[in-house]
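What follows is structure-v7.cif (mmCIF, C-alpha atoms).
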data_protein
#
loop_
_atom_site.label_atom_id
_atom_site.label_comp_id
_atom_site.auth_asym_id
_atom_site.auth_seq_id
_atom_site.Cartn_x
_atom_site.Cartn_y
_atom_site.Cartn_z
CA ARG A 891 -5.21 -1.24 1.35
CA LYS A 892 -2.59 -0.45 3.66
CA LYS A 893 -0.55 2.36 2.26
CA MET A 894 -1.53 3.07 -1.41
CA GLY A 895 1.95 2.90 -2.87
CA THR A 896 2.20 -0.87 -2.50
CA THR A 897 -1.19 -1.59 -4.05
CA GLN A 898 -0.63 0.69 -6.97
CA ALA A 899 2.81 -0.79 -7.52
CA CYS A 900 1.09 -4.13 -8.14
CA LEU A 901 -1.25 -2.45 -10.62
CA LEU A 902 1.74 -0.87 -12.27
CA PHE A 903 3.39 -4.30 -12.59
CA MET A 904 0.36 -5.60 -14.48
CA LEU A 905 0.13 -2.55 -16.69
CA PHE A 906 3.81 -2.62 -17.57
CA GLY A 907 3.89 -6.40 -17.96
CA ILE A 908 6.64 -6.86 -15.38
CA CYS A 909 7.19 -10.45 -14.29
CA LEU A 910 9.03 -10.96 -11.03
CA GLY A 911 11.76 -13.51 -11.49
CA LYS A 912 14.55 -14.55 -9.15
CA PRO A 913 14.82 -12.70 -5.82
CA GLN A 914 16.36 -9.24 -5.88
CA PRO A 915 18.58 -7.62 -3.25
CA ALA A 916 16.65 -6.31 -0.26
CA ASP A 917 17.52 -2.67 -0.96
CA PRO A 918 17.93 -1.95 -4.70
CA MET A 919 17.00 1.76 -4.50
CA PRO A 920 18.38 3.19 -7.78
CA LEU A 921 19.31 6.67 -6.52
CA ASP A 922 21.16 7.47 -9.73
CA ASP A 923 18.02 6.67 -11.72
CA ILE A 924 16.00 9.08 -9.59
CA GLN A 925 18.23 11.98 -10.54
CA ALA A 926 18.59 10.94 -14.16
CA THR A 927 14.90 10.53 -14.89
CA ARG A 928 14.04 13.95 -13.49
CA PHE A 929 15.68 15.60 -16.47
CA ILE A 930 14.48 13.38 -19.28
CA ASN A 931 12.34 15.34 -21.74
CA ASP A 932 11.43 12.31 -23.84
CA PRO A 933 8.19 10.76 -22.46
CA VAL A 934 8.86 7.43 -24.19
CA GLU A 935 12.35 7.14 -22.71
CA PHE A 936 11.13 8.28 -19.32
CA ALA A 937 8.40 5.61 -19.34
CA ARG A 938 11.02 2.98 -20.18
CA GLN A 939 13.33 4.02 -17.37
CA ALA A 940 10.47 4.46 -14.92
CA GLU A 941 9.34 0.91 -15.63
CA LEU A 942 12.74 -0.49 -14.67
CA ALA A 943 13.30 1.73 -11.64
CA LEU A 944 9.81 1.36 -10.21
CA GLY A 945 9.92 -2.38 -10.76
CA ALA A 946 13.04 -2.71 -8.61
CA THR A 947 11.85 -0.43 -5.81
CA ALA A 948 8.31 -1.83 -5.70
CA THR A 949 9.75 -5.34 -5.38
CA ALA A 950 11.80 -4.19 -2.41
CA ILE A 951 8.98 -2.40 -0.60
CA THR A 952 6.62 -5.33 -1.15
CA ARG A 953 9.18 -7.74 0.33
CA LEU A 954 9.80 -5.51 3.35
CA ASN A 955 6.05 -5.15 3.95
CA TRP A 956 5.70 -8.91 3.78
CA ASN A 957 8.59 -9.42 6.19
CA TYR A 958 6.95 -7.10 8.70
CA GLU A 959 3.39 -8.34 8.37
CA SER A 960 4.41 -11.99 8.61
CA ASN A 961 6.86 -11.41 11.48
CA ILE A 962 6.09 -8.24 13.43
CA THR A 963 9.28 -7.25 15.22
CA GLU A 964 10.89 -3.88 15.99
CA TYR A 965 13.71 -4.71 13.58
CA ASN A 966 11.38 -5.50 10.68
CA GLU A 967 9.30 -2.42 11.42
CA LYS A 968 12.37 -0.18 11.37
CA GLN A 969 13.57 -1.73 8.12
CA LYS A 970 10.17 -1.17 6.54
CA LEU A 971 9.73 2.41 7.77
CA ASP A 972 13.26 3.47 6.83
CA PHE A 973 12.82 2.17 3.31
CA GLN A 974 9.28 3.53 3.05
CA THR A 975 10.59 7.06 3.59
CA ARG A 976 13.00 6.68 0.69
CA TYR A 977 10.41 4.91 -1.43
CA ASP A 978 7.88 7.70 -0.93
CA ALA A 979 10.42 10.31 -1.99
CA PHE A 980 11.27 8.21 -5.03
CA VAL A 981 7.64 7.71 -6.07
CA LEU A 982 6.92 11.40 -5.55
CA THR A 983 9.83 12.39 -7.79
CA MET A 984 8.82 9.95 -10.51
CA GLY A 985 5.14 10.91 -10.28
CA LYS A 986 5.79 14.64 -10.50
CA THR A 987 8.10 14.08 -13.44
CA ALA A 988 5.47 12.01 -15.27
CA LYS A 989 2.76 14.54 -14.47
CA GLY A 990 4.84 17.34 -15.99
CA MET A 991 5.53 15.48 -19.22
CA ASP A 992 4.23 16.94 -22.48
CA VAL A 993 2.40 14.00 -24.05
CA SER A 994 0.74 15.98 -26.84
CA GLN A 995 3.06 14.36 -29.40
CA VAL A 996 2.90 10.86 -27.90
CA ARG A 997 0.73 8.65 -30.08
CA ASP A 998 1.47 5.39 -28.32
CA GLN A 999 -1.45 4.83 -25.94
CA ALA A 1000 0.58 2.34 -23.90
CA VAL A 1001 3.11 5.05 -23.09
CA ARG A 1002 0.33 7.46 -22.14
CA ARG A 1003 -1.16 4.88 -19.77
CA LYS A 1004 2.23 4.22 -18.21
CA LEU A 1005 2.76 7.90 -17.51
CA LYS A 1006 -0.72 8.14 -16.04
CA ALA A 1007 -0.03 5.12 -13.84
CA VAL A 1008 3.23 6.63 -12.58
CA THR A 1009 1.42 9.87 -11.76
CA ALA A 1010 -1.33 7.99 -9.90
CA MET A 1011 1.29 6.30 -7.72
CA ILE A 1012 2.03 9.59 -5.94
CA GLY A 1013 -0.87 9.05 -3.55
CA THR A 1014 0.09 9.67 0.08
CA SER A 1015 3.74 10.05 -0.92
CA ILE A 1016 2.83 13.70 -1.43
CA LEU A 1017 2.83 14.04 2.37
CA GLU A 1018 6.42 15.10 2.93
CA GLY A 1019 8.71 15.52 5.92
CA SER A 1020 7.46 14.69 9.40
CA GLU A 1021 3.89 14.33 8.15
CA SER A 1022 4.95 11.47 5.91
CA ASP A 1023 6.73 9.77 8.82
CA VAL A 1024 3.63 10.15 11.00
CA PHE A 1025 1.44 8.61 8.30
CA ASN A 1026 3.74 5.64 7.72
CA LYS A 1027 4.03 4.95 11.46
CA LEU A 1028 0.26 5.20 11.77
CA VAL A 1029 -0.24 2.53 9.10
CA SER A 1030 2.39 0.36 10.76
CA ASP A 1031 0.76 0.72 14.19
CA MET A 1032 -2.70 -0.20 12.83
CA THR A 1033 -1.22 -3.27 11.18
CA LYS A 1034 0.51 -4.26 14.41
CA THR A 1035 -2.65 -3.79 16.49
CA PHE A 1036 -4.80 -5.78 14.09
CA SER A 1037 -2.31 -8.61 13.62
CA THR A 1038 -1.10 -9.13 17.19
CA ALA A 1039 -4.43 -9.04 19.02
CA LYS A 1040 -5.27 -12.15 21.03
CA VAL A 1041 -8.77 -13.38 21.88
CA PRO A 1042 -10.18 -16.22 24.02
CA LYS A 1043 -10.34 -19.54 22.23
CA TYR A 1044 -13.86 -20.71 21.39
CA LYS A 1045 -15.28 -22.65 24.35
CA GLU A 1046 -11.88 -22.42 26.09
CA PRO A 1047 -11.89 -18.90 27.57
CA THR A 1048 -8.69 -19.40 29.55
CA THR A 1049 -6.71 -20.03 26.36
CA GLU A 1050 -5.84 -17.16 24.01
CA VAL A 1051 -5.32 -17.44 20.27
CA SER A 1052 -3.89 -15.06 17.66
CA LEU A 1053 -5.12 -13.94 14.25
CA GLU A 1054 -2.37 -16.01 12.63
CA PRO A 1055 -2.58 -18.90 12.37
CA GLU A 1056 -5.35 -19.97 14.75
CA MET A 1057 -8.20 -17.57 13.99
CA THR A 1058 -7.50 -17.49 10.27
CA LEU A 1059 -7.59 -21.29 10.10
CA ARG A 1060 -10.77 -21.56 12.13
CA MET A 1061 -12.51 -18.90 10.04
CA ALA A 1062 -11.54 -20.84 6.92
CA GLU A 1063 -12.34 -24.34 8.13
CA SER A 1064 -15.11 -24.11 10.71
CA ARG A 1065 -18.73 -24.62 9.72
CA ASP A 1066 -20.05 -23.76 13.17
CA PRO A 1067 -21.79 -20.37 12.90
CA GLU A 1068 -21.39 -19.72 16.63
CA GLU A 1069 -17.64 -20.29 16.46
CA LEU A 1070 -17.31 -18.00 13.45
CA LYS A 1071 -19.38 -15.34 15.20
CA HIS A 1072 -17.24 -15.67 18.32
CA TYR A 1073 -13.96 -15.00 16.55
CA TRP A 1074 -15.41 -12.25 14.36
CA LYS A 1075 -16.79 -10.31 17.31
CA ALA A 1076 -13.94 -11.02 19.73
CA HIS A 1077 -11.26 -9.85 17.33
CA ARG A 1078 -13.09 -6.64 16.50
CA GLN A 1079 -13.76 -5.94 20.18
CA SER A 1080 -10.07 -6.48 20.86
CA THR A 1081 -8.83 -4.20 18.07
CA GLY A 1082 -11.63 -1.75 17.28
CA ALA A 1083 -11.26 0.56 20.25
CA GLN A 1084 -7.50 0.77 19.77
CA ILE A 1085 -7.65 1.39 16.04
CA ARG A 1086 -10.67 3.73 15.96
CA ASP A 1087 -8.82 6.99 16.63
CA MET A 1088 -5.85 5.91 14.53
CA TYR A 1089 -8.16 5.20 11.62
CA LYS A 1090 -9.78 8.62 11.94
CA ASP A 1091 -6.32 10.20 11.69
CA TYR A 1092 -5.55 7.93 8.74
CA ILE A 1093 -8.66 9.10 6.87
CA LYS A 1094 -7.83 12.76 7.53
CA MET A 1095 -4.31 12.32 6.15
CA VAL A 1096 -5.45 10.37 3.10
CA ASN A 1097 -8.03 13.06 2.34
CA LYS A 1098 -5.37 15.76 2.72
CA ALA A 1099 -3.10 13.87 0.31
CA ALA A 1100 -6.02 13.58 -2.10
CA LYS A 1101 -6.60 17.34 -2.03
CA LEU A 1102 -2.90 17.97 -2.65
CA ASN A 1103 -3.14 15.62 -5.65
CA GLY A 1104 -6.14 17.48 -7.05
CA PHE A 1105 -8.87 15.04 -5.97
CA GLU A 1106 -12.01 15.76 -3.99
CA SER A 1107 -11.47 12.90 -1.54
CA GLY A 1108 -9.33 9.92 -0.65
CA THR A 1109 -11.91 7.66 -2.26
CA GLU A 1110 -11.59 9.45 -5.58
CA MET A 1111 -7.80 9.23 -5.39
CA LYS A 1112 -7.79 5.53 -4.57
CA ILE A 1113 -10.08 4.51 -7.46
CA GLU A 1114 -8.24 6.61 -10.06
CA PRO A 1115 -5.87 3.78 -11.15
CA TYR A 1116 -8.83 1.55 -12.10
CA GLU A 1117 -9.62 3.74 -15.12
CA SER A 1118 -13.36 3.56 -14.59
CA ASP A 1119 -15.83 6.45 -14.45
CA ASN A 1120 -18.35 4.25 -12.62
CA PHE A 1121 -16.10 2.23 -10.29
CA LEU A 1122 -18.22 2.64 -7.15
CA THR A 1123 -21.39 1.71 -8.99
CA GLU A 1124 -19.71 -1.29 -10.57
CA MET A 1125 -18.50 -2.48 -7.15
CA ALA A 1126 -21.96 -1.98 -5.65
CA ASP A 1127 -23.46 -4.14 -8.40
#
Same coordinates, now as structure tokens:
Amino acid sequence: RKKMGTTQACLLFMLFGICLGKPQPADPMPLDDIQATRFINDPVEFARQAELALGATATAITRLNWNYESNITEYNEKQKLDFQTRYDAFVLTMGKTAKGMDVSQVRDQAVRRKLKAVTAMIGTSILEGSESDVFNKLVSDMTKTFSTAKVPKYKEPTTEVSLEPEMTLRMAESRDPEELKHYWKAHRQSTGAQIRDMYKDYIKMVNKAAKLNGFESGTEMKIEPYESDNFLTEMAD
């Protein structure tokens, strides 16, 4: 998880049956579509337009997240955060519109599920203004801390290695339990203290967003898209 919007966008892709084809422009934010869809009173037509608009924007935010997480630079972070602000506003507009739709006359269950999925995408996008910026920067900083930490190489304490690619490769390939234990503990010791307070703030903000969305907790909000009344029990089993 990371910020919820990206994960739920993937779920939305599967639900809508969107297949990503050739690469799209880096910034295809359809601002005209945002304004147009706000005033559509036809749930079926809204679902159709939402599918197209959300497909384009979710592709862009996923690509920008990938660019940042695979190459953490100030430039990539700024690109991601700038677009995330616009993306959140977009998702919030679409989600509120879907939530306010009168579906009493909609018999097509696929359309109903699409509208529900769009509504569920609101998530932490409901945190507006400076609070939204704080949340997005918080997620970015946790990602940076986790991904850039360096730890002593196993049995070579004067040499440092990073999560990518060294530690990831060793965790995948090594069959030495002591080596695996070394990297597991060293990485968490290197990142845990730095992330602990940030994560507490993250949980508080996610729970606040959940309350604003009508949920009891962030957990309840995050499992909503899975359409299961017993999700936690199923995962425990």
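The space separating atom CA of A:Asp992 from atom CA of A:Pro933 comes to 7.3 Å.
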Per-residue nearest contacts stretch 958-1021 of chain A to stretch 1043-1054 of chain A, cut-off 12 Å, using all atoms listed in the file, as JSON lines:
{"residue": "A:Glu959", "atom": "CA", "partner": "A:Glu1054", "partner_atom": "CA", "distance": 10.5}
{"residue": "A:Ser960", "atom": "CA", "partner": "A:Glu1054", "partner_atom": "CA", "distance": 8.8}
{"residue": "A:Asn961", "atom": "CA", "partner": "A:Glu1054", "partner_atom": "CA", "distance": 10.4}
{"residue": "A:Ile962", "atom": "CA", "partner": "A:Glu1054", "partner_atom": "CA", "distance": 11.5}
### Summary
Students should find that atom CA of A:Gly1104 and atom CA of A:Thr949 are spaced 27.9 Å
### Task
Excluding A:Ser1022 and any residue of its chain fewer than 3 positions from it, enumerate the residues within 10 Å of it, using only C-alpha atoms, and give them as a VMD selection string.
chain A and resid 974 to 975 978 to 979 1014 to 1019 1025 to 1028 1095
## Note on the structure
Separating atom CA of A:Ile1012 from atom CA of A:Glu1110, to the nearest tenth of an Å, is a gap of 13.6 Å
### Query
Applied to the shown file, which residues does the PyMOL selection byres ((chain A and resi 1004-1007) around 8) return, written as number ranges by chain?
A: 902, 905-906, 933, 937, 988-989, 1000-1003, 1008-1011, 1115
### Message
I'd like the contact shell of A:Met1111 - 9 Å cut-off, only C-alpha atoms, skipping same-chain residues fewer than 3 positions apart - returned as a count of residues only.
### Response
15
### Message
I'd like the neighbourhood of stretch 1066-1083 of chain A as a PyMOL selection string, where a residue qualifies if any of its atoms comes within 7 Å (using all atoms listed in the file), though same-chain residues fewer than 3 positions away should be ignored.
### Response
chain A and resi 1035-1036+1039+1041+1044+1057+1061+1086
### Query
Can you list, as a list in words, the residues that the PyMOL selection byres ((chain A and resi 977) around 10) selects here?
Gly895, Met919, Leu944, Thr947, Ala948, Ala950, Ile951, Leu971, Asp972, Phe973, Gln974, Thr975, Arg976, Asp978, Ala979, Phe980, Val981, Leu982, Thr983 and Ser1015 of chain A
### Message
Just want the 9 Å neighbourhood of A:Asn931, counted on all atoms listed in the file, with same-chain residues fewer than 4 positions away dropped. Output as a PyMOL selection string.
### Response
chain A and resi 927+935-936+991-992
### Query
Restricting the calculation to only C-alpha atoms, which member of A:Arg938, A:Thr1109, A:Ala1062, A:Lys970 is positioned closest to A:Arg953?
A:Lys970
